[in-house]
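Single-structure report; data block below.
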Amino acid sequence: MTRQVRFNAFDMNCVAHQSPGLWRHPADQSQRYTEIEYWTGLAKLLERGVFDGLFIADVLGTYDVYGGTDEAALREGAQIPVADPLLLVSAMAAVTQHLGFGITTGTGFEHPYPFARRLSTLDHLTKGRIGWNVVTGYLPSAARNFGAADQLDHDDRYDHADEYLEVLYKLWEGSWEDDAVVRDRERGVYVDADKVHHVGHRGKHFSVPGIHLSEPSPQRTPVIYQAGASPRGVRFASEHAEAIFVAAPSKRVLKETVRRIRSGLVAAGRAPYSARIYALATIITDRSDAAAAAKHEEFKRYASLEGGLVFTSGWMGIDLSRYDLDEPIGNVESNAIRSAVAAFQESGDDGREWLVRDIAEWASIGGLGPRFVGSGNTVADHIQNWVTETDVDGFNLAYAITPGSFEDVITHVVPVLQERGAYPATYSQGSLREKLFGNGARLPDDHRGARYRLGGDLSTITARYRAYAS
Ligand SMILES: Cc1cc2nc3c(=O)[nH]c(=O)nc-3n(C[C@H](O)[C@H](O)[C@H](O)COP(=O)(O)O)c2cc1C
């Protein structure tokens, strides 16, 4: 059977997202990120292309590692100014029926109690199409503005996030029974109070004794997305994530990353394909290979190398303004994106060691994934080849220009993949989780969050609350 390929679109509530400088391209509309019509138009377009979802990244800080200030980031518009991702969802949900929404928020910046309610609200309003990309944050500037001297150490951020999720699972899965809302007009009872349970959480970081504020939404727990790639990050993703995002510059690196993640899932007691893995990629396509190559050259003329370095400095936690562009990437040590460093320390596919200039160039169009350039047929060949050789499930598509890059994919690549039987012609019914896995709207039984589910063992929850109260 032909292996299926899936697409997600990757965007952010800012200008040019991961393609610094390309906001100057005459066809780029990313400057319209402040207009609701940009987002509703994009959502409708992606649904026409049967994309699994729109994944909206977020950071709550500035890229001020490069040169030690945020000056270059501001000049480049490098993910600054940046606006809130969650507030975009209701409008997009109102003009679509199937598209999923993967929204990023960090575990370090908002207490889980109000956050649980906001996601339940969106899960209701989208009829179960909400996903949450769990990030632990990598920009020290974000932590500083929340009053900390610096962010927690890398692995401590994941331990903190583990407890954050535990609180959320308790609220989403373990507070309200499915039939708690009775709406009994005769008796004048809206909620059966016996069916709503205090979660009684007291941990190292959080204390949440009470009940969840929202009634159960279609998925209860939104589809959990994650992009950890360090050993601790992979363990976290394997325990929690249902969609995992990776960035790898070559097939070799991607194959190894996918292998590590699938073994991580098994080690966490889950099936190796219980999370869908999407690799970051940028597609530059047109009617013919020559037209696509010309488009690529044109994009390169607008792309900003300095913008590429601003981003990679932030991702790696190291000031690349201090390096010569022709210096080998070498042994970069950082407390930020270790996985990216590991990928770049290896030589590229051509056996040549990477230079700082290569990273700047690479990161200036679409971030740290591969670029597939060519006609619809050529790109479809690359994509199917990467899927076969690396065992990845699909691609998280960054844009060079928006919505042009997505329009091009939908015009030139999607029909070819559909003709080859490698891409869905329509959506299946139901919530985002059902569309991805087909096994019901709720978390599967082997997922860690299911432990907190109400069921046979209500006494544990009550006991937990008593223990908390005493
Ligand atoms: C495709 C992709 C998208 C990501 N989006 C975000 C994001 O929006 N916000 C964020 O803070 N981190 C984001 N990250 C960073 C990850 O959450 C994570 O910190 C990174 O992959 C490094 O993994 P590690 O923490 O295990 O070292 C993203 C990573 C990837 C690969």
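Just remember, in the structure tokens the first chain shown is A, the second B, etc., residues are 1-based per chain, and ligands are 1-based in the order shown.
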May I have a table of the residues of chain A lying at most 7 Å from ligand 1, giving each one's closest pair of atoms and their distance in Å to one decimal, counting only C-alpha atoms and all ligand atoms, ordered by chain and ascending residue number, as JSON lines?
{"residue": "A:Ile56", "atom": "CA", "partner": "ligand 1", "partner_atom_place_in_ligand_line": "8 (O)", "distance": 6.7}
{"residue": "A:Ala57", "atom": "CA", "partner": "ligand 1", "partner_atom_place_in_ligand_line": "8 (O)", "distance": 3.2}
{"residue": "A:Asp58", "atom": "CA", "partner": "ligand 1", "partner_atom_place_in_ligand_line": "8 (O)", "distance": 4.0}
{"residue": "A:Val59", "atom": "CA", "partner": "ligand 1", "partner_atom_place_in_ligand_line": "9 (N)", "distance": 5.0}
{"residue": "A:Thr104", "atom": "CA", "partner": "ligand 1", "partner_atom_place_in_ligand_line": "8 (O)", "distance": 5.5}
{"residue": "A:Gly106", "atom": "CA", "partner": "ligand 1", "partner_atom_place_in_ligand_line": "11 (O)", "distance": 6.4}
{"residue": "A:Val134", "atom": "CA", "partner": "ligand 1", "partner_atom_place_in_ligand_line": "17 (O)", "distance": 6.9}
{"residue": "A:Val135", "atom": "CA", "partner": "ligand 1", "partner_atom_place_in_ligand_line": "17 (O)", "distance": 4.4}
{"residue": "A:Thr136", "atom": "CA", "partner": "ligand 1", "partner_atom_place_in_ligand_line": "11 (O)", "distance": 6.2}
{"residue": "A:Gly137", "atom": "CA", "partner": "ligand 1", "partner_atom_place_in_ligand_line": "11 (O)", "distance": 4.0}
{"residue": "A:Tyr138", "atom": "CA", "partner": "ligand 1", "partner_atom_place_in_ligand_line": "11 (O)", "distance": 5.8}
{"residue": "A:His154", "atom": "CA", "partner": "ligand 1", "partner_atom_place_in_ligand_line": "25 (O)", "distance": 6.8}
{"residue": "A:Gln226", "atom": "CA", "partner": "ligand 1", "partner_atom_place_in_ligand_line": "17 (O)", "distance": 6.4}
{"residue": "A:Ala227", "atom": "CA", "partner": "ligand 1", "partner_atom_place_in_ligand_line": "16 (C)", "distance": 4.6}
{"residue": "A:Gly228", "atom": "CA", "partner": "ligand 1", "partner_atom_place_in_ligand_line": "26 (O)", "distance": 3.4}
{"residue": "A:Ala229", "atom": "CA", "partner": "ligand 1", "partner_atom_place_in_ligand_line": "26 (O)", "distance": 3.9}
{"residue": "A:Ser230", "atom": "CA", "partner": "ligand 1", "partner_atom_place_in_ligand_line": "26 (O)", "distance": 3.7}
{"residue": "A:Pro231", "atom": "CA", "partner": "ligand 1", "partner_atom_place_in_ligand_line": "26 (O)", "distance": 6.6}
{"residue": "A:Arg232", "atom": "CA", "partner": "ligand 1", "partner_atom_place_in_ligand_line": "26 (O)", "distance": 6.0}
{"residue": "A:Gly233", "atom": "CA", "partner": "ligand 1", "partner_atom_place_in_ligand_line": "26 (O)", "distance": 3.4}
{"residue": "A:Val234", "atom": "CA", "partner": "ligand 1", "partner_atom_place_in_ligand_line": "26 (O)", "distance": 6.2}
{"residue": "A:Phe245", "atom": "CA", "partner": "ligand 1", "partner_atom_place_in_ligand_line": "1 (C)", "distance": 4.9}
{"residue": "A:Val246", "atom": "CA", "partner": "ligand 1", "partner_atom_place_in_ligand_line": "31 (C)", "distance": 4.2}
{"residue": "A:Ala247", "atom": "CA", "partner": "ligand 1", "partner_atom_place_in_ligand_line": "31 (C)", "distance": 4.4}
{"residue": "A:Leu280", "atom": "CA", "partner": "ligand 1", "partner_atom_place_in_ligand_line": "1 (C)", "distance": 5.4}
{"residue": "A:Ala336", "atom": "CA", "partner": "ligand 1", "partner_atom_place_in_ligand_line": "27 (O)", "distance": 6.1}
{"residue": "A:Ile337", "atom": "CA", "partner": "ligand 1", "partner_atom_place_in_ligand_line": "22 (C)", "distance": 4.3}
{"residue": "A:Arg338", "atom": "CA", "partner": "ligand 1", "partner_atom_place_in_ligand_line": "27 (O)", "distance": 4.7}
{"residue": "A:Ser339", "atom": "CA", "partner": "ligand 1", "partner_atom_place_in_ligand_line": "27 (O)", "distance": 5.4}
{"residue": "A:Asn396", "atom": "CA", "partner": "ligand 1", "partner_atom_place_in_ligand_line": "1 (C)", "distance": 6.9}
Query raised in the report: Quick one, how far is CA of Lys127 in chain A from CA of Ile36 in chain A?
Result: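 If I compute the distance from CA of Lys127 in chain A to CA of Ile36 in chain A, I get 20.3 Å.
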Report summary line: Using only C-alpha atoms, the shortest atom-to-atom distance to Ile103 in chain A among A:Gln384, A:Asn133, A:Ser175, A:Ser120 belongs to A:Asn133
List every residue of range 179-292 of chain A that has an atom at most 12 Å from any atom of range 10-27 of chain A, giving for each one its closest atom pair and the distance in Å to one decimal, counting only C-alpha atoms, sorted by chain and then by ascending residue number, as a Markdown table.
| residue | atom | partner | partner_atom | distance |
| --- | --- | --- | --- | --- |
| A:Phe245 | CA | A:Phe10 | CA | 10.5 |
| A:Tyr278 | CA | A:Phe10 | CA | 10.9 |
| A:Ala279 | CA | A:Phe10 | CA | 10.9 |
| A:Leu280 | CA | A:Phe10 | CA | 8.5 |
| A:Ala281 | CA | A:Phe10 | CA | 9.5 |
| A:Thr282 | CA | A:Phe10 | CA | 9.7 |
| A:Ile283 | CA | A:Phe10 | CA | 11.9 |
Given the selection you just returned, output its residues as a file containing N, CA and C atoms, formatted as a PDB file, in the first residue's frame.
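Below you can see part20.pdb, which holds the result:
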ATOM      1  N   PHE A 245       6.890  17.324  16.385  1.00  0.00           N
ATOM      2  CA  PHE A 245       7.511  18.110  15.321  1.00  0.00           C
ATOM      3  C   PHE A 245       9.016  18.029  15.445  1.00  0.00           C
ATOM      4  N   TYR A 278       5.948  14.899  12.326  1.00  0.00           N
ATOM      5  CA  TYR A 278       6.012  15.813  11.173  1.00  0.00           C
ATOM      6  C   TYR A 278       7.393  16.468  11.141  1.00  0.00           C
ATOM      7  N   ALA A 279       8.026  16.439   9.988  1.00  0.00           N
ATOM      8  CA  ALA A 279       9.338  17.092   9.855  1.00  0.00           C
ATOM      9  C   ALA A 279       9.163  18.468   9.228  1.00  0.00           C
ATOM     10  N   LEU A 280       9.909  19.404   9.767  1.00  0.00           N
ATOM     11  CA  LEU A 280       9.877  20.754   9.202  1.00  0.00           C
ATOM     12  C   LEU A 280      10.444  20.725   7.777  1.00  0.00           C
ATOM     13  N   ALA A 281       9.775  21.407   6.847  1.00  0.00           N
ATOM     14  CA  ALA A 281      10.282  21.507   5.468  1.00  0.00           C
ATOM     15  C   ALA A 281       9.694  22.751   4.822  1.00  0.00           C
ATOM     16  N   THR A 282      10.381  23.227   3.807  1.00  0.00           N
ATOM     17  CA  THR A 282       9.854  24.342   3.023  1.00  0.00           C
ATOM     18  C   THR A 282       9.795  23.888   1.572  1.00  0.00           C
ATOM     19  N   ILE A 283       8.637  24.063   0.964  1.00  0.00           N
ATOM     20  CA  ILE A 283       8.469  23.655  -0.433  1.00  0.00           C
ATOM     21  C   ILE A 283       8.428  24.899  -1.313  1.00  0.00           C
TER      22      ILE A 283
END
Query - Residue among A:Asn8, A:Thr107, A:Thr40, A:Gln429 lying closest to Ala398 in chain A, counting only C-alpha atoms - result: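 Result for the nearest residue to Ala398 in chain A: A:Asn8.
Near Tyr38 in chain A, within 12 Å and counting only C-alpha atoms, sit Asp11, Asn13, Cys14, Val15, Asp28, Gln29, Ser30, Gln31, Arg32, Tyr33, Thr34, Glu35, Ile36, Thr40, Gly41, Leu42, Ala43, Lys44, Leu45, Leu88, Ala91, Met92, Thr402 and Pro403 of chain A; same-chain residues fewer than 2 positions away were not included.
Each of A:Ser431, A:Thr126, A:Ser375, A:Ser274 was checked against Ser238 in chain A using only C-alpha atoms; the smallest atom-to-atom distance is that of A:Ser274.
Taking CA of Lys251 in chain A and CA of Gly366 in chain A as the two end points, the separation is 17.0 Å.
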Report task. List every residue of range 317-424 of chain A that DSSP, applied to the backbone of this structure, places in alpha helix (DSSP H), and write the result as a ChimeraX atom specification. Result -> /A:338-345,356-363,376-390,404-408,414-419
Atoms to include: N, CA and C atoms. Write the selected residues as a compact mmCIF listing (two decimals), in the first residue's frame.
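File written: again_0.txt
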# COMPACT_ATOMS: atom_id res chain seq x y z
N ARG A 338 19.52 21.96 21.80
CA ARG A 338 20.63 21.01 21.70
C ARG A 338 20.50 20.14 20.45
N SER A 339 19.27 19.81 20.13
CA SER A 339 19.05 18.92 19.00
C SER A 339 19.57 19.55 17.71
N ALA A 340 19.33 20.85 17.55
CA ALA A 340 19.79 21.53 16.33
C ALA A 340 21.31 21.51 16.28
N VAL A 341 21.93 21.75 17.43
CA VAL A 341 23.39 21.74 17.47
C VAL A 341 23.90 20.36 17.04
N ALA A 342 23.28 19.33 17.61
CA ALA A 342 23.72 17.97 17.29
C ALA A 342 23.62 17.72 15.79
N ALA A 343 22.53 18.18 15.19
CA ALA A 343 22.33 17.96 13.76
C ALA A 343 23.41 18.69 12.95
N PHE A 344 23.73 19.88 13.37
CA PHE A 344 24.69 20.66 12.58
C PHE A 344 26.13 20.23 12.82
N GLN A 345 26.38 19.62 13.96
CA GLN A 345 27.75 19.18 14.21
C GLN A 345 28.14 18.06 13.25
N VAL A 356 29.24 28.62 9.65
CA VAL A 356 28.24 29.54 10.20
C VAL A 356 27.41 30.13 9.05
N ARG A 357 28.07 30.44 7.93
CA ARG A 357 27.37 31.00 6.77
C ARG A 357 26.26 30.04 6.27
N ASP A 358 26.58 28.73 6.28
CA ASP A 358 25.59 27.74 5.81
C ASP A 358 24.34 27.79 6.69
N ILE A 359 24.58 27.92 7.98
CA ILE A 359 23.44 27.98 8.91
C ILE A 359 22.62 29.24 8.65
N ALA A 360 23.33 30.36 8.46
CA ALA A 360 22.63 31.63 8.22
C ALA A 360 21.77 31.53 6.96
N GLU A 361 22.36 30.96 5.93
CA GLU A 361 21.65 30.83 4.64
C GLU A 361 20.47 29.87 4.81
N TRP A 362 20.75 28.75 5.45
CA TRP A 362 19.73 27.71 5.63
C TRP A 362 18.54 28.25 6.42
N ALA A 363 18.86 28.95 7.50
CA ALA A 363 17.80 29.41 8.41
C ALA A 363 17.06 30.63 7.87
N GLY A 376 5.65 20.08 -9.19
CA GLY A 376 4.84 19.24 -8.31
C GLY A 376 5.33 17.80 -8.30
N ASN A 377 5.68 17.29 -9.50
CA ASN A 377 6.16 15.90 -9.58
C ASN A 377 7.48 15.71 -8.85
N THR A 378 8.40 16.66 -9.07
CA THR A 378 9.72 16.54 -8.44
C THR A 378 9.59 16.60 -6.92
N VAL A 379 8.81 17.56 -6.44
CA VAL A 379 8.66 17.70 -4.99
C VAL A 379 7.96 16.46 -4.40
N ALA A 380 6.94 15.98 -5.11
CA ALA A 380 6.24 14.78 -4.61
C ALA A 380 7.22 13.61 -4.54
N ASP A 381 8.14 13.50 -5.52
CA ASP A 381 9.16 12.43 -5.48
C ASP A 381 10.02 12.56 -4.23
N HIS A 382 10.51 13.80 -3.97
CA HIS A 382 11.35 14.02 -2.79
C HIS A 382 10.60 13.63 -1.53
N ILE A 383 9.37 14.11 -1.46
CA ILE A 383 8.60 13.90 -0.23
C ILE A 383 8.37 12.42 0.02
N GLN A 384 7.98 11.72 -1.02
CA GLN A 384 7.71 10.29 -0.83
C GLN A 384 9.00 9.54 -0.49
N ASN A 385 10.09 10.00 -1.11
CA ASN A 385 11.37 9.38 -0.83
C ASN A 385 11.79 9.60 0.63
N TRP A 386 11.61 10.82 1.12
CA TRP A 386 11.96 11.11 2.52
C TRP A 386 11.09 10.29 3.46
N VAL A 387 9.81 10.16 3.11
CA VAL A 387 8.91 9.40 3.98
C VAL A 387 9.35 7.93 4.02
N THR A 388 9.63 7.38 2.85
CA THR A 388 10.03 5.97 2.79
C THR A 388 11.34 5.75 3.54
N GLU A 389 12.30 6.64 3.32
CA GLU A 389 13.63 6.39 3.89
C GLU A 389 13.75 6.75 5.37
N THR A 390 12.88 7.64 5.85
CA THR A 390 13.07 8.09 7.24
C THR A 390 11.97 7.62 8.19
N GLY A 404 1.33 32.62 -0.37
CA GLY A 404 1.80 32.12 -1.66
C GLY A 404 2.42 30.73 -1.61
N SER A 405 3.28 30.48 -0.61
CA SER A 405 3.95 29.16 -0.56
C SER A 405 2.92 28.04 -0.34
N PHE A 406 1.90 28.31 0.49
CA PHE A 406 0.87 27.29 0.73
C PHE A 406 0.00 27.11 -0.53
N GLU A 407 -0.32 28.23 -1.18
CA GLU A 407 -1.10 28.13 -2.43
C GLU A 407 -0.35 27.28 -3.45
N ASP A 408 0.95 27.51 -3.56
CA ASP A 408 1.76 26.74 -4.52
C ASP A 408 1.72 25.25 -4.21
N VAL A 414 -0.07 18.90 -3.93
CA VAL A 414 -1.15 18.08 -3.35
C VAL A 414 -1.85 17.23 -4.44
N PRO A 415 -2.22 17.81 -5.61
CA PRO A 415 -2.89 16.98 -6.62
C PRO A 415 -2.04 15.80 -7.10
N VAL A 416 -0.71 15.99 -7.19
CA VAL A 416 0.16 14.90 -7.63
C VAL A 416 0.16 13.79 -6.58
N LEU A 417 0.30 14.19 -5.31
CA LEU A 417 0.30 13.17 -4.24
C LEU A 417 -1.05 12.46 -4.18
N GLN A 418 -2.12 13.23 -4.39
CA GLN A 418 -3.46 12.60 -4.36
C GLN A 418 -3.59 11.59 -5.50
N GLU A 419 -3.10 11.98 -6.67
CA GLU A 419 -3.17 11.07 -7.83
C GLU A 419 -2.40 9.79 -7.57
Report task. Excluding range 189-198 of chain A and any residue of its chain fewer than 4 positions from it, enumerate the residues within 8 Å of it, using only C-alpha atoms, and give them as a list in words. Result -> Gly174, Ser175, Trp176, Glu177, Asp179, Ala180, Val181, Val182, Arg183, Asp184, Arg185, Pro209, Gly210, Ile211, His212, Ile461, Thr462 and Tyr465 of chain A
Quick one: write out the picked residues with C-alpha atoms as a short mmCIF file (atom, residue, chain, number, x, y, z; two decimals), in the first residue's frame?
data_model
loop_
_atom_site.label_atom_id
_atom_site.label_comp_id
_atom_site.auth_asym_id
_atom_site.auth_seq_id
_atom_site.Cartn_x
_atom_site.Cartn_y
_atom_site.Cartn_z
CA GLY A 174 -10.44 13.84 36.22
CA SER A 175 -12.78 16.55 37.38
CA TRP A 176 -16.10 16.37 35.55
CA GLU A 177 -17.88 13.13 34.78
CA ASP A 179 -22.90 13.22 32.54
CA ALA A 180 -22.30 15.85 35.22
CA VAL A 181 -24.20 18.53 33.32
CA VAL A 182 -27.81 17.33 33.66
CA ARG A 183 -29.80 20.49 32.73
CA ASP A 184 -32.79 19.13 34.62
CA ARG A 185 -35.50 21.75 34.16
CA PRO A 209 -7.20 21.74 45.07
CA GLY A 210 -10.44 22.49 43.28
CA ILE A 211 -12.50 21.56 40.25
CA HIS A 212 -12.01 22.39 36.60
CA ILE A 461 -9.48 11.10 43.26
CA THR A 462 -11.52 11.65 46.37
CA TYR A 465 -8.48 15.53 47.63
#
